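Asks: First, the structure itself, so that you have it in front of you.
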Amino acid sequence: MAGGTTVLDARADSAPPRSSRTALLASGLLVGALLLVVLCAVSLAVGARDIPLHTVWEALQRDDGSEAAHIVRELRLPRTVLAVIVGAALGLGGALMQALTRNPLADPGLLGVEMGAAMAVVVAISLLGITQAWVYVWFALAGSAVTSVVVYVLGASGRAVNPERMVLAGSAVTAALSAFVAALLLVDGQAFDRYRFWVVGSLARRELSLVWEVGPLLAVGAFIAFSLGRGLNALALGEETGKALGVRSGTVRWAGALAITLLCGGATAIAGPIGFIGLAVPHMARLVTGPDNRWVLPYSAVLAAALIVAADTVGRIVAAPTEVEVGIVMAFLGAPVFIALCRRRRIAQL
């Protein structure tokens, strides 16, 4: 999005020799990816019934009709794949949102994305009488998209988009939608019973077919997000400086808002609202990469995927033979991690 090398790029790359820094960050990203692979293997092997890794490998290669093959192929493989996808999408969305709004506390809930999805699901359950869980995905996605557009339009000031106004608009829309959802659930007990299973955030009983239904939208969102790294670096220097460097700030922000909607809306549609991923993981990534968004974005995707796979696995272990939903586990894990990050680093640095 930006033309040429930006001042921030130069500053970010000015630390020890550029080639060695790039190699170091690339190596770190590779280590993160390997950690993610290991956690996925653990996720496939560990649960109410532990399965040896060699049996897991055999079950992945062919279905021999055994109970182990059924557990691995039908139960654990779908949720592990979806955990990686949902985690990466939320991590990317959170990093993008914080960079665009220049707000270190921004997360998918701040701009109304999650509450928009929740409102649409409640409307589907309570007013339209829909009971099939797979249909909720499309209502959630549509609700996120509509809410994002409303927040973005409200946050626009003339031809420009003001980050502070976007945050205020997101907070106001979220509050209004929360009241609407609460009112509907208050008068419809059956709707509340169905809604509460969606709103806790879970990967259980999610079909692998969701990858083919929502995956393309997430892929488009990820492609847009990765293409914005250099433009976000320029905008971090300020609106005027960004323009002076040839960055079309409006284009970057519209593209960023589209990517956030696709990533966070799609992830929320699959698993329901999962907190702290989009908020805390970008800060973890910046501890390694610094403020360079060209590296913050991929690091956030990999680390968020690893964290949510680990959280989902922990949720199956601590309450075996039942389980704790991943959204609840993340609330317990994410809060202390985020507080620790706040204490170690001046969080306002973006």
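By order in the structure tokens, chains are A, B, ...; within a chain, residues start at 1; ligands start at 1, following the order shown.
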Using only C-alpha atoms, determine which residues lie at most 8 Å from Leu35 of chain A, disregarding the query and same-chain residues fewer than 4 positions distant; provide the list as a ChimeraX atom specification.

Replies: /A:31,39,306

Asks: Give me the residues near Gln190 of chain A as a JSON list (two decimals) with C-alpha atoms, in the first residue's frame, where near means some atom within 12 Å (using only C-alpha atoms) and where sequence neighbours in that chain fewer than 2 positions away do not count.

Replies:
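What ended up in part.json:
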[["chain", "number", "residue", "atom", "x", "y", "z"],
["A", 122, "VAL", "CA", -29.96, -14.11, 18.89],
["A", 125, "ILE", "CA", -32.79, -18.05, 17.36],
["A", 126, "SER", "CA", -35.45, -15.87, 18.94],
["A", 127, "LEU", "CA", -37.22, -14.14, 16.06],
["A", 129, "GLY", "CA", -36.83, -19.78, 15.14],
["A", 130, "ILE", "CA", -33.65, -21.25, 13.63],
["A", 131, "THR", "CA", -32.27, -24.18, 15.61],
["A", 184, "LEU", "CA", -34.53, -10.43, 23.62],
["A", 185, "LEU", "CA", -33.00, -13.08, 25.86],
["A", 186, "LEU", "CA", -34.88, -11.78, 28.88],
["A", 187, "VAL", "CA", -38.27, -12.49, 27.32],
["A", 188, "ASP", "CA", -37.29, -15.70, 25.50],
["A", 192, "PHE", "CA", -31.27, -18.01, 26.02],
["A", 193, "ASP", "CA", -30.71, -21.76, 26.49],
["A", 194, "ARG", "CA", -29.48, -22.11, 22.90],
["A", 195, "TYR", "CA", -27.54, -18.83, 22.87],
["A", 196, "ARG", "CA", -25.51, -19.55, 26.00],
["A", 197, "PHE", "CA", -23.85, -22.56, 24.36]]

Asks: To one decimal place in Å, what is the distance between atom CA of Ala179 of chain A and atom CA of Met115 of chain A?

Replies: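 Rounded to one decimal, the two atoms are 10.4 Å apart.
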
Asks: Neighbours of Ala331 of chain A within 10 Å (only C-alpha atoms; same-chain residues fewer than 2 positions away dropped), as a ChimeraX atom specification?

Replies: /A:274-277,311,326-329,333-336

Asks: How would the residues just picked look written out with C-alpha atoms as a PDB file, in the first residue's frame?

Replies:
ATOM      1  CA  ILE A 274     -13.239 -15.876  22.374  1.00  0.00           C
ATOM      2  CA  GLY A 275     -11.658 -13.118  24.407  1.00  0.00           C
ATOM      3  CA  PHE A 276      -8.040 -12.016  25.008  1.00  0.00           C
ATOM      4  CA  ILE A 277      -6.580 -13.638  21.870  1.00  0.00           C
ATOM      5  CA  ALA A 311      -6.081 -23.657  25.552  1.00  0.00           C
ATOM      6  CA  VAL A 326     -11.961 -22.865  25.090  1.00  0.00           C
ATOM      7  CA  GLY A 327     -13.512 -19.425  25.595  1.00  0.00           C
ATOM      8  CA  ILE A 328     -13.552 -20.001  29.353  1.00  0.00           C
ATOM      9  CA  VAL A 329      -9.991 -21.363  29.404  1.00  0.00           C
ATOM     10  CA  LEU A 333      -5.167 -17.861  30.799  1.00  0.00           C
ATOM     11  CA  GLY A 334      -5.440 -14.582  28.949  1.00  0.00           C
ATOM     12  CA  ALA A 335      -6.093 -12.251  31.847  1.00  0.00           C
ATOM     13  CA  PRO A 336      -2.903 -12.984  33.840  1.00  0.00           C
TER      14      PRO A 336
END

Asks: So which residues touch Leu303 of chain A within 7 Å, counting only C-alpha atoms, skipping near sequence neighbours fewer than 3 positions away, as a PDB file with N, CA and C atoms, in the first residue's frame?

Replies:
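This went into part07.pdb:
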ATOM      1  N   GLY A  32       8.213 -20.621  16.066  1.00  0.00           N
ATOM      2  CA  GLY A  32       6.809 -20.542  16.450  1.00  0.00           C
ATOM      3  C   GLY A  32       5.945 -21.514  15.662  1.00  0.00           C
ATOM      4  N   VAL A 281      -2.261 -11.251  22.262  1.00  0.00           N
ATOM      5  CA  VAL A 281      -1.233 -11.854  21.410  1.00  0.00           C
ATOM      6  C   VAL A 281      -0.424 -10.819  20.621  1.00  0.00           C
ATOM      7  N   TYR A 299       3.675 -12.980  13.141  1.00  0.00           N
ATOM      8  CA  TYR A 299       3.924 -13.503  14.490  1.00  0.00           C
ATOM      9  C   TYR A 299       2.617 -13.631  15.269  1.00  0.00           C
ATOM     10  N   SER A 300       1.746 -12.637  15.151  1.00  0.00           N
ATOM     11  CA  SER A 300       0.469 -12.686  15.875  1.00  0.00           C
ATOM     12  C   SER A 300      -0.369 -13.871  15.413  1.00  0.00           C
ATOM     13  N   ALA A 306      -1.174 -21.042  18.140  1.00  0.00           N
ATOM     14  CA  ALA A 306      -0.574 -21.942  19.142  1.00  0.00           C
ATOM     15  C   ALA A 306      -1.287 -21.814  20.481  1.00  0.00           C
ATOM     16  N   LEU A 307      -1.614 -20.576  20.867  1.00  0.00           N
ATOM     17  CA  LEU A 307      -2.234 -20.357  22.172  1.00  0.00           C
ATOM     18  C   LEU A 307      -3.630 -20.967  22.243  1.00  0.00           C
TER      19      LEU A 307
END

Asks: Mind the document's chain letters and residue numbers, and return as a ChimeraX atom specification the residues of segment 67-196 of chain A that DSSP labels strand (DSSP E).

Replies: /A:156-157,160-161

Asks: Skipping near chain neighbours, those fewer than 5 positions away, what residues fall within 9 Å of segment 198-212 of chain A using only C-alpha atoms, listed as number ranges by chain?

Replies: A: 74-83, 85, 118, 121, 133-134, 136-137, 268, 270-275, 312, 324-328

Asks: Go ahead and write the selection's residues with N, CA, C and O atoms as a short mmCIF file (atom, residue, chain, number, x, y, z; two decimals), in the first residue's frame.

Replies:
data_model
loop_
_atom_site.label_atom_id
_atom_site.label_comp_id
_atom_site.auth_asym_id
_atom_site.auth_seq_id
_atom_site.Cartn_x
_atom_site.Cartn_y
_atom_site.Cartn_z
N GLU A 74 -12.55 -38.02 13.54
CA GLU A 74 -13.87 -37.40 13.59
C GLU A 74 -14.03 -36.36 14.70
O GLU A 74 -14.86 -35.46 14.59
N LEU A 75 -13.25 -36.51 15.78
CA LEU A 75 -13.44 -35.61 16.92
C LEU A 75 -12.30 -34.60 17.08
O LEU A 75 -12.53 -33.39 17.16
N ARG A 76 -11.06 -35.11 17.14
CA ARG A 76 -9.96 -34.22 17.47
C ARG A 76 -9.38 -33.49 16.26
O ARG A 76 -8.94 -32.35 16.40
N LEU A 77 -9.34 -34.12 15.11
CA LEU A 77 -8.79 -33.44 13.94
C LEU A 77 -9.60 -32.20 13.56
O LEU A 77 -9.01 -31.12 13.35
N PRO A 78 -10.94 -32.27 13.49
CA PRO A 78 -11.69 -31.06 13.14
C PRO A 78 -11.46 -29.90 14.10
O PRO A 78 -11.24 -28.77 13.68
N ARG A 79 -11.50 -30.18 15.40
CA ARG A 79 -11.36 -29.08 16.35
C ARG A 79 -9.93 -28.53 16.38
O ARG A 79 -9.73 -27.34 16.64
N THR A 80 -8.95 -29.38 16.10
CA THR A 80 -7.56 -28.88 16.04
C THR A 80 -7.37 -27.98 14.83
O THR A 80 -6.77 -26.89 14.94
N VAL A 81 -7.87 -28.41 13.68
CA VAL A 81 -7.76 -27.58 12.47
C VAL A 81 -8.50 -26.25 12.67
O VAL A 81 -7.98 -25.18 12.34
N LEU A 82 -9.70 -26.33 13.22
CA LEU A 82 -10.48 -25.11 13.44
C LEU A 82 -9.81 -24.21 14.49
O LEU A 82 -9.88 -22.98 14.39
N ALA A 83 -9.17 -24.82 15.48
CA ALA A 83 -8.46 -24.01 16.49
C ALA A 83 -7.33 -23.21 15.85
O ALA A 83 -7.14 -22.03 16.16
N ILE A 85 -7.12 -22.27 12.69
CA ILE A 85 -7.70 -21.24 11.81
C ILE A 85 -8.29 -20.09 12.61
O ILE A 85 -8.03 -18.92 12.33
N ALA A 118 -23.18 -11.67 17.82
CA ALA A 118 -24.10 -12.17 18.85
C ALA A 118 -25.53 -11.70 18.60
O ALA A 118 -26.48 -12.48 18.74
N VAL A 121 -27.07 -13.79 15.85
CA VAL A 121 -27.39 -15.15 16.29
C VAL A 121 -28.65 -15.16 17.15
O VAL A 121 -29.52 -16.03 17.01
N ALA A 133 -27.33 -25.32 14.38
CA ALA A 133 -26.15 -24.55 14.79
C ALA A 133 -25.33 -24.08 13.59
O ALA A 133 -24.74 -22.99 13.61
N TRP A 134 -25.30 -24.90 12.50
CA TRP A 134 -24.46 -24.51 11.37
C TRP A 134 -24.99 -23.26 10.67
O TRP A 134 -24.23 -22.53 10.03
N TYR A 136 -26.14 -20.71 12.25
CA TYR A 136 -25.71 -19.56 13.04
C TYR A 136 -24.46 -18.91 12.44
O TYR A 136 -24.24 -17.70 12.57
N VAL A 137 -23.62 -19.73 11.80
CA VAL A 137 -22.36 -19.22 11.25
C VAL A 137 -22.62 -18.05 10.31
O VAL A 137 -21.97 -17.00 10.40
N THR A 268 -15.37 -15.60 14.77
CA THR A 268 -16.46 -15.60 15.75
C THR A 268 -17.63 -16.45 15.27
O THR A 268 -18.29 -17.13 16.06
N ILE A 270 -17.42 -19.16 13.57
CA ILE A 270 -17.07 -20.57 13.74
C ILE A 270 -17.15 -20.99 15.21
O ILE A 270 -17.76 -22.02 15.54
N ALA A 271 -16.53 -20.22 16.09
CA ALA A 271 -16.33 -20.68 17.47
C ALA A 271 -17.07 -19.86 18.52
O ALA A 271 -17.04 -20.22 19.69
N GLY A 272 -17.74 -18.77 18.11
CA GLY A 272 -18.32 -17.89 19.11
C GLY A 272 -17.27 -16.91 19.62
O GLY A 272 -16.10 -17.01 19.26
N PRO A 273 -17.65 -15.98 20.48
CA PRO A 273 -16.69 -14.99 20.98
C PRO A 273 -15.62 -15.64 21.86
O PRO A 273 -15.95 -16.39 22.78
N ILE A 274 -14.36 -15.39 21.56
CA ILE A 274 -13.24 -15.88 22.37
C ILE A 274 -12.38 -14.67 22.72
O ILE A 274 -11.77 -14.06 21.84
N GLY A 275 -12.34 -14.33 23.98
CA GLY A 275 -11.66 -13.12 24.41
C GLY A 275 -10.16 -13.28 24.59
O GLY A 275 -9.64 -14.40 24.63
N ASP A 312 -7.42 -25.07 24.11
CA ASP A 312 -8.43 -26.09 23.85
C ASP A 312 -8.01 -27.45 24.42
O ASP A 312 -8.83 -28.19 24.97
N VAL A 324 -13.84 -28.15 29.54
CA VAL A 324 -14.10 -26.72 29.74
C VAL A 324 -13.97 -26.03 28.39
O VAL A 324 -13.00 -26.25 27.66
N GLU A 325 -14.94 -25.21 28.04
CA GLU A 325 -14.94 -24.57 26.72
C GLU A 325 -13.70 -23.68 26.58
O GLU A 325 -13.23 -23.06 27.54
N VAL A 326 -13.20 -23.60 25.34
CA VAL A 326 -11.96 -22.86 25.09
C VAL A 326 -12.11 -21.39 25.42
O VAL A 326 -11.15 -20.74 25.87
N GLY A 327 -13.30 -20.83 25.25
CA GLY A 327 -13.51 -19.42 25.59
C GLY A 327 -13.32 -19.17 27.08
O GLY A 327 -12.79 -18.12 27.48
N ILE A 328 -13.72 -20.14 27.90
CA ILE A 328 -13.55 -20.00 29.35
C ILE A 328 -12.09 -20.17 29.74
O ILE A 328 -11.56 -19.42 30.57
#

Asks: Please give the complete set of residues from segment 114-291 of chain A that DSSP, run on the backbone, assigns to helix (DSSP H, G or I), formatted as number ranges by chain.

Replies: A: 114-126, 133-155, 163-187, 189-199, 210-227, 229-235, 239-244, 249-271, 277-289

Asks: Measure the distance from atom CA of Gly112 of chain A to atom CA of Thr147 of chain A in Å and round it to one decimal.

Replies: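 Spanning atom CA of Gly112 of chain A to atom CA of Thr147 of chain A is a straight-line distance of 6.3 Å.
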
Asks: May I have the residues within 7 Å of Val151 of chain A as JSON, numbers by chain, using only C-alpha atoms and disregarding those fewer than 6 positions away in the same chain?

Replies: {"A": [111, 166, 169, 170]}

Asks: Produce a file of the selected residues containing all heavy atoms, as a PDB file, in the first residue's frame.

Replies:
ATOM      1  N   LEU A 111     -14.732  -2.795  18.322  1.00  0.00           N
ATOM      2  CA  LEU A 111     -15.433  -2.188  17.200  1.00  0.00           C
ATOM      3  C   LEU A 111     -16.779  -2.843  16.942  1.00  0.00           C
ATOM      4  O   LEU A 111     -17.353  -2.663  15.862  1.00  0.00           O
ATOM      5  CB  LEU A 111     -14.554  -2.244  15.952  1.00  0.00           C
ATOM      6  CG  LEU A 111     -13.224  -1.488  16.052  1.00  0.00           C
ATOM      7  CD1 LEU A 111     -12.522  -1.471  14.710  1.00  0.00           C
ATOM      8  CD2 LEU A 111     -13.436  -0.072  16.551  1.00  0.00           C
ATOM      9  N   MET A 166     -13.740   6.117  15.781  1.00  0.00           N
ATOM     10  CA  MET A 166     -14.099   4.713  15.521  1.00  0.00           C
ATOM     11  C   MET A 166     -14.251   3.944  16.820  1.00  0.00           C
ATOM     12  O   MET A 166     -15.176   3.136  16.984  1.00  0.00           O
ATOM     13  CB  MET A 166     -13.033   4.047  14.639  1.00  0.00           C
ATOM     14  CG  MET A 166     -13.144   4.373  13.168  1.00  0.00           C
ATOM     15  SD  MET A 166     -12.004   3.387  12.193  1.00  0.00           S
ATOM     16  CE  MET A 166     -12.665   1.744  12.462  1.00  0.00           C
ATOM     17  N   ALA A 169     -17.422   5.087  18.457  1.00  0.00           N
ATOM     18  CA  ALA A 169     -18.573   4.544  17.732  1.00  0.00           C
ATOM     19  C   ALA A 169     -18.736   3.052  18.027  1.00  0.00           C
ATOM     20  O   ALA A 169     -19.858   2.554  18.223  1.00  0.00           O
ATOM     21  CB  ALA A 169     -18.390   4.771  16.236  1.00  0.00           C
ATOM     22  N   GLY A 170     -17.610   2.310  18.071  1.00  0.00           N
ATOM     23  CA  GLY A 170     -17.671   0.885  18.382  1.00  0.00           C
ATOM     24  C   GLY A 170     -18.218   0.627  19.769  1.00  0.00           C
ATOM     25  O   GLY A 170     -19.042  -0.272  19.976  1.00  0.00           O
TER      26      GLY A 170
END

Asks: Figure out the distance between atom CA of Val302 of chain A and atom CA of Val46 of chain A, please, to one decimal in Å.

Replies: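 Spanning atom CA of Val46 of chain A to atom CA of Val302 of chain A is a straight-line distance of 21.2 Å.
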
Asks: For Ile308 of chain A, which residue out of A:Ala140, A:Val84, A:Val146, A:Ala219 is the nearest one, using only C-alpha atoms?

Replies: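 Closest to Ile308 of chain A of all the choices is A:Val84.
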
Asks: Between A:Gly315, A:Gly278, A:Pro298, A:Gly242, which has the minimum distance to Asp107 of chain A (counting only C-alpha atoms)?

Replies: A:Gly278
